[in-house]
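Structure first, commentary second.
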Amino acid sequence: MTKRVRVMRMSVEQPLWRALTAYRVLTMLYAVGLFATAYDEYDHAGVAVGYYAVLFVWTLATLPRVQNAAACTKRFLAVDLAIALTGILLTPIAVNDHHIHNGGPTLPSIWTAGSVLAYAIKGGWRWAAFASTPVAVANLVERGAPARDTVHNVILVWVASIAIGYVVEVARASERTLARALEIEAATRERERLARDIHDGVLQVLAMVQRRGAVLGGEAAELGRMAGEQEVALRTLVSGGLLPVSRVSEDAAEGAVVRAVDEPSYDEEGPVDLRALLAPHAAAKVALVEPGAPVLLPAPAAKELAAAVGAALDNVGRHAGEDARAWILVEDEPDEVVVTVRDDGPGIPEGRLAQAEGEGRLGVALSIRGRLRDLGGSAELISTPGQGTEVELKVPKNAKAGHR
């Protein structure tokens, strides 16, 4: 099966756009309601009716424009703000002096804040400051003097819009950081999987060619030397790895983008019998002890566990000597499966595993422990010099490949 690229989108600002959409509709109806309840205060009601007709049509027709940042263009924002400013400046013409002196609402009322908030969500706090400034000037012109309540409302809109714009900028930066972290994690897991596969195949072959070439001598020895050099270079590359350049935030309208390579899906396969996967490892010097009943595990987990057992046996063959024997013990517990690989070799000197990992020899680190960690299980290695080595592998029965 081929791998598939899974695309995840994250956007904390999308709920803000949805809230803005509802806010514009509700405040438009609120402004019309205020006009209906205070009709007697309008000297030129026809001006107000004409403005509210435009406001009603504009608000409903432009709902798709406030769905996301891409649809909310600069031209739309400019026209939207112009409609709000026009309504504020038309207020002295439509209402009587009593309405203005008593601090009555402007024609668009609090609908104006929606225009300013659109700037804030679209471009951040600088755009919010830019949009709220002409609104403040228009309100002062409409009132004719900087009255206390007018100044209070102007400052409230100015501060609130800038604060929301700043929060949006911080949220976008956090999205990009989180997306980058998730992508690095996905790349690291893919690198570890590739390292395990390379260790189980290519590195083992190169190591064998190096050993056999040294034994045969002649041209074979030169071939073995070259294979050894390539093994060292490949181990260095695998242990270092390369991380792709982050591809977050392709489109600010839809939030940050994270791409992760998914492993082939085995969900359509049912549980498999672990015994069938371990049976090929049984040989003259490898004894397999297993239960009489099937040991069922999800297919991906069973394959990874069998590969970890194979890696442990490879280590026995390479480090325990040609005469060493190995035993594989399979235990089917109620909640987990335990596989123990034991040998009667010379054991592992203290500190050798850490030294090998530092040299880029990742057989235990990745092919065994890495696999079990991805399955949500554990791998415990016990070795006593002169008494052999024992590797205990535990996997929960509900394990799936790629589990964290």
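To be explicit about the labels: the chains of the structure tokens are called A, B, and onward in the order shown, and within each one the residues are counted from 1, while ligands get numbers from 1 in the order they are shown.
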I want to know what sits within 10 Å of Gln387 of chain A, based on only C-alpha atoms, with residues of the same chain fewer than 2 positions away left out; could you give that as a list of chain:residue names?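 The residues that qualify are A:Asp343, A:Asp344, A:Gly345, A:Pro346, A:Gly347, A:Ile348, A:Ser383, A:Thr384, A:Pro385, A:Thr389, A:Glu390.
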List as a ChimeraX atom specification the protein and nucleic acid residues near Val316 of chain A, meaning an atom at most 12 Å away when only C-alpha atoms are counted, but skip any in the same chain fewer than 4 places from it. /A:285-286,309-312,320-328,341-348,363-364,388-391
Could those residues be written to a file, using N, CA and C atoms, as a compact mmCIF listing (two decimals), in the first residue's frame?
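Okay, this is what ended up in again-v7.txt:
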# COMPACT_ATOMS: atom_id res chain seq x y z
N LYS A 285 19.21 -23.30 16.07
CA LYS A 285 19.73 -22.66 17.27
C LYS A 285 18.77 -21.65 17.88
N VAL A 286 17.55 -21.62 17.37
CA VAL A 286 16.53 -20.71 17.90
C VAL A 286 15.28 -21.53 18.21
N VAL A 309 11.34 -8.57 17.24
CA VAL A 309 11.92 -9.88 17.59
C VAL A 309 13.04 -10.24 16.62
N GLY A 310 12.79 -9.97 15.31
CA GLY A 310 13.82 -10.24 14.32
C GLY A 310 15.08 -9.42 14.57
N ALA A 311 14.91 -8.15 14.97
CA ALA A 311 16.06 -7.30 15.27
C ALA A 311 16.83 -7.83 16.47
N ALA A 312 16.11 -8.33 17.48
CA ALA A 312 16.79 -8.90 18.65
C ALA A 312 17.59 -10.14 18.27
N ALA A 320 26.57 -12.44 19.84
CA ALA A 320 26.66 -13.51 20.84
C ALA A 320 27.55 -14.66 20.39
N GLY A 321 27.99 -14.67 19.16
CA GLY A 321 28.86 -15.73 18.69
C GLY A 321 28.09 -16.78 17.90
N GLU A 322 28.83 -17.52 17.05
CA GLU A 322 28.21 -18.52 16.18
C GLU A 322 27.60 -19.69 16.95
N ASP A 323 28.10 -19.99 18.11
CA ASP A 323 27.60 -21.14 18.87
C ASP A 323 26.48 -20.77 19.84
N ALA A 324 26.13 -19.51 19.91
CA ALA A 324 25.10 -19.08 20.86
C ALA A 324 23.73 -19.61 20.45
N ARG A 325 22.93 -19.96 21.43
CA ARG A 325 21.56 -20.40 21.19
C ARG A 325 20.61 -19.30 21.69
N ALA A 326 19.41 -19.31 21.11
CA ALA A 326 18.42 -18.30 21.48
C ALA A 326 17.07 -18.96 21.69
N TRP A 327 16.28 -18.37 22.55
CA TRP A 327 14.94 -18.87 22.84
C TRP A 327 13.94 -17.72 22.70
N ILE A 328 12.81 -18.00 22.09
CA ILE A 328 11.72 -17.03 21.96
C ILE A 328 10.53 -17.57 22.76
N VAL A 341 13.03 -12.68 24.27
CA VAL A 341 14.11 -13.24 23.46
C VAL A 341 15.34 -13.36 24.36
N ARG A 342 15.80 -14.58 24.57
CA ARG A 342 16.94 -14.81 25.47
C ARG A 342 18.02 -15.60 24.75
N ASP A 343 19.26 -15.31 25.07
CA ASP A 343 20.37 -16.06 24.47
C ASP A 343 21.36 -16.45 25.56
N ASP A 344 22.26 -17.37 25.22
CA ASP A 344 23.27 -17.82 26.20
C ASP A 344 24.65 -17.33 25.82
N GLY A 345 24.69 -16.17 25.17
CA GLY A 345 25.98 -15.61 24.75
C GLY A 345 26.74 -14.97 25.90
N PRO A 346 27.76 -14.19 25.55
CA PRO A 346 28.62 -13.59 26.59
C PRO A 346 27.99 -12.39 27.29
N GLY A 347 26.84 -11.93 26.83
CA GLY A 347 26.22 -10.76 27.44
C GLY A 347 26.79 -9.47 26.87
N ILE A 348 26.22 -8.36 27.35
CA ILE A 348 26.62 -7.05 26.84
C ILE A 348 27.38 -6.31 27.94
N GLY A 363 20.41 -0.38 16.44
CA GLY A 363 19.61 -1.60 16.46
C GLY A 363 18.68 -1.69 17.65
N VAL A 364 19.19 -1.49 18.85
CA VAL A 364 18.37 -1.56 20.05
C VAL A 364 17.53 -0.30 20.20
N GLY A 388 24.61 -14.19 29.20
CA GLY A 388 23.64 -13.99 28.14
C GLY A 388 22.83 -12.70 28.29
N THR A 389 21.91 -12.54 27.37
CA THR A 389 21.08 -11.33 27.31
C THR A 389 19.62 -11.72 27.17
N GLU A 390 18.75 -10.95 27.81
CA GLU A 390 17.31 -11.19 27.72
C GLU A 390 16.61 -9.89 27.34
N VAL A 391 15.79 -9.96 26.31
CA VAL A 391 15.01 -8.80 25.86
C VAL A 391 13.53 -9.14 26.04
What residues in segment 34-96 of chain A get the DSSP label alpha helix (DSSP H)? Please answer as an MDAnalysis selection string. chainID A and resid 34:37 45:61 74:94
d(atom CA of Ala82 of chain A, atom CA of Tyr39 of chain A) in Å: 24.7 Å
Tell me which protein, DNA and RNA residues are within 10 Å of segment 126-134 of chain A, counting only C-alpha atoms, leaving out same-chain ones fewer than 2 positions away, and put them as number ranges by chain. A: 77-78, 81-82, 85, 112-113, 115-124, 136-140, 154-155, 157-166
Residues within 8 Å of segment 332-337 of chain A, please, as number ranges by chain. Count only C-alpha atoms; anything in the same chain fewer than 4 positions from it doesn't count. A: 291, 295, 394-397
Quick one, how far is atom CA of Phe76 of chain A from atom CA of Thr106 of chain A?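 According to the coordinates, atom CA of Phe76 of chain A and atom CA of Thr106 of chain A are separated by 22.0 Å.
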As JSON, numbers by chain, please: the residues near Leu305 of chain A (cut-off 9 Å, only C-alpha atoms, same-chain neighbours under 3 positions excluded). {"A": [274, 300, 301, 302, 308, 309, 310, 339, 368, 371, 372, 375, 393, 394, 395]}
Gap from atom CA of Val47 of chain A to atom CA of Leu20 of chain A - Å, one decimal: 27.0 Å
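Look at Gly144 of chain A: the protein and nucleic acid residues within 12 Å of it, using only C-alpha atoms and passing over chain neighbours fewer than 5 places away, are A:Leu89, A:Thr91, A:Pro92, A:Asp97, A:Ile100, A:His101, A:Gly103, A:Val137, A:Ala138, A:Asn139, A:Thr150, A:Val151.
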Using all heavy atoms, can you write the selected residues to a file as a PDB file, in the first residue's frame?
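Output file part.pdb follows:
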ATOM      1  N   LEU A  89     -22.403  60.302   9.973  1.00  0.00           N
ATOM      2  CA  LEU A  89     -22.458  61.700   9.532  1.00  0.00           C
ATOM      3  C   LEU A  89     -23.852  62.111   9.080  1.00  0.00           C
ATOM      4  O   LEU A  89     -24.183  63.312   9.071  1.00  0.00           O
ATOM      5  CB  LEU A  89     -21.447  61.913   8.402  1.00  0.00           C
ATOM      6  CG  LEU A  89     -19.973  61.707   8.796  1.00  0.00           C
ATOM      7  CD1 LEU A  89     -19.063  61.869   7.594  1.00  0.00           C
ATOM      8  CD2 LEU A  89     -19.570  62.668   9.915  1.00  0.00           C
ATOM      9  N   THR A  91     -26.531  61.215  10.673  1.00  0.00           N
ATOM     10  CA  THR A  91     -27.385  61.272  11.866  1.00  0.00           C
ATOM     11  C   THR A  91     -27.869  62.686  12.182  1.00  0.00           C
ATOM     12  O   THR A  91     -29.066  62.886  12.454  1.00  0.00           O
ATOM     13  CB  THR A  91     -26.638  60.673  13.074  1.00  0.00           C
ATOM     14  OG1 THR A  91     -26.260  59.325  12.778  1.00  0.00           O
ATOM     15  CG2 THR A  91     -27.526  60.672  14.312  1.00  0.00           C
ATOM     16  N   PRO A  92     -27.007  63.727  12.187  1.00  0.00           N
ATOM     17  CA  PRO A  92     -27.514  65.085  12.485  1.00  0.00           C
ATOM     18  C   PRO A  92     -28.582  65.563  11.494  1.00  0.00           C
ATOM     19  O   PRO A  92     -29.429  66.399  11.842  1.00  0.00           O
ATOM     20  CB  PRO A  92     -26.258  65.956  12.403  1.00  0.00           C
ATOM     21  CG  PRO A  92     -25.126  65.021  12.619  1.00  0.00           C
ATOM     22  CD  PRO A  92     -25.546  63.737  11.999  1.00  0.00           C
ATOM     23  N   ASP A  97     -32.394  68.051  17.280  1.00  0.00           N
ATOM     24  CA  ASP A  97     -31.334  68.453  18.213  1.00  0.00           C
ATOM     25  C   ASP A  97     -31.482  67.774  19.567  1.00  0.00           C
ATOM     26  O   ASP A  97     -30.476  67.481  20.236  1.00  0.00           O
ATOM     27  CB  ASP A  97     -31.357  69.972  18.394  1.00  0.00           C
ATOM     28  CG  ASP A  97     -30.979  70.709  17.119  1.00  0.00           C
ATOM     29  OD1 ASP A  97     -30.327  70.072  16.260  1.00  0.00           O
ATOM     30  OD2 ASP A  97     -31.335  71.898  16.990  1.00  0.00           O
ATOM     31  N   ILE A 100     -29.672  64.446  19.631  1.00  0.00           N
ATOM     32  CA  ILE A 100     -28.211  64.552  19.704  1.00  0.00           C
ATOM     33  C   ILE A 100     -27.760  64.992  21.088  1.00  0.00           C
ATOM     34  O   ILE A 100     -26.833  64.428  21.680  1.00  0.00           O
ATOM     35  CB  ILE A 100     -27.703  65.527  18.633  1.00  0.00           C
ATOM     36  CG1 ILE A 100     -28.011  64.978  17.235  1.00  0.00           C
ATOM     37  CG2 ILE A 100     -26.208  65.778  18.788  1.00  0.00           C
ATOM     38  CD1 ILE A 100     -27.606  65.905  16.114  1.00  0.00           C
ATOM     39  N   HIS A 101     -28.406  66.020  21.648  1.00  0.00           N
ATOM     40  CA  HIS A 101     -27.999  66.530  22.962  1.00  0.00           C
ATOM     41  C   HIS A 101     -28.190  65.506  24.070  1.00  0.00           C
ATOM     42  O   HIS A 101     -27.466  65.517  25.071  1.00  0.00           O
ATOM     43  CB  HIS A 101     -28.778  67.805  23.285  1.00  0.00           C
ATOM     44  CG  HIS A 101     -28.435  68.946  22.384  1.00  0.00           C
ATOM     45  ND1 HIS A 101     -27.158  69.181  21.926  1.00  0.00           N
ATOM     46  CD2 HIS A 101     -29.215  69.954  21.847  1.00  0.00           C
ATOM     47  CE1 HIS A 101     -27.135  70.248  21.144  1.00  0.00           C
ATOM     48  NE2 HIS A 101     -28.386  70.746  21.079  1.00  0.00           N
ATOM     49  N   GLY A 103     -27.575  62.420  23.766  1.00  0.00           N
ATOM     50  CA  GLY A 103     -26.650  61.299  23.533  1.00  0.00           C
ATOM     51  C   GLY A 103     -27.302  60.118  22.857  1.00  0.00           C
ATOM     52  O   GLY A 103     -26.909  58.967  23.100  1.00  0.00           O
ATOM     53  N   VAL A 137     -13.363  60.135  14.853  1.00  0.00           N
ATOM     54  CA  VAL A 137     -13.519  61.496  14.322  1.00  0.00           C
ATOM     55  C   VAL A 137     -14.960  61.737  13.896  1.00  0.00           C
ATOM     56  O   VAL A 137     -15.548  62.796  14.179  1.00  0.00           O
ATOM     57  CB  VAL A 137     -12.556  61.716  13.144  1.00  0.00           C
ATOM     58  CG1 VAL A 137     -12.819  63.065  12.483  1.00  0.00           C
ATOM     59  CG2 VAL A 137     -11.103  61.638  13.615  1.00  0.00           C
ATOM     60  N   ALA A 138     -15.569  60.763  13.206  1.00  0.00           N
ATOM     61  CA  ALA A 138     -16.952  60.925  12.742  1.00  0.00           C
ATOM     62  C   ALA A 138     -17.917  61.065  13.909  1.00  0.00           C
ATOM     63  O   ALA A 138     -18.872  61.858  13.852  1.00  0.00           O
ATOM     64  CB  ALA A 138     -17.340  59.726  11.874  1.00  0.00           C
ATOM     65  N   ASN A 139     -17.705  60.326  14.977  1.00  0.00           N
ATOM     66  CA  ASN A 139     -18.576  60.443  16.151  1.00  0.00           C
ATOM     67  C   ASN A 139     -18.454  61.817  16.797  1.00  0.00           C
ATOM     68  O   ASN A 139     -19.457  62.396  17.253  1.00  0.00           O
ATOM     69  CB  ASN A 139     -18.232  59.351  17.169  1.00  0.00           C
ATOM     70  CG  ASN A 139     -18.942  58.039  16.883  1.00  0.00           C
ATOM     71  OD1 ASN A 139     -20.122  57.866  17.196  1.00  0.00           O
ATOM     72  ND2 ASN A 139     -18.221  57.108  16.270  1.00  0.00           N
ATOM     73  N   THR A 150     -19.656  60.435  24.514  1.00  0.00           N
ATOM     74  CA  THR A 150     -19.094  60.199  23.177  1.00  0.00           C
ATOM     75  C   THR A 150     -17.632  59.790  23.272  1.00  0.00           C
ATOM     76  O   THR A 150     -17.195  58.834  22.618  1.00  0.00           O
ATOM     77  CB  THR A 150     -19.221  61.467  22.321  1.00  0.00           C
ATOM     78  OG1 THR A 150     -20.594  61.855  22.255  1.00  0.00           O
ATOM     79  CG2 THR A 150     -18.699  61.215  20.910  1.00  0.00           C
ATOM     80  N   VAL A 151     -16.861  60.502  24.073  1.00  0.00           N
ATOM     81  CA  VAL A 151     -15.454  60.155  24.251  1.00  0.00           C
ATOM     82  C   VAL A 151     -15.312  58.749  24.836  1.00  0.00           C
ATOM     83  O   VAL A 151     -14.450  57.960  24.428  1.00  0.00           O
ATOM     84  CB  VAL A 151     -14.761  61.189  25.161  1.00  0.00           C
ATOM     85  CG1 VAL A 151     -13.329  60.743  25.489  1.00  0.00           C
ATOM     86  CG2 VAL A 151     -14.750  62.561  24.491  1.00  0.00           C
TER      87      VAL A 151
END
Contacts of Arg18 of chain A at 10 Å (only C-alpha atoms; same-chain gap of 2+ positions) as an MDAnalysis selection string: chainID A and resid 13:16 20:23 63 66:68
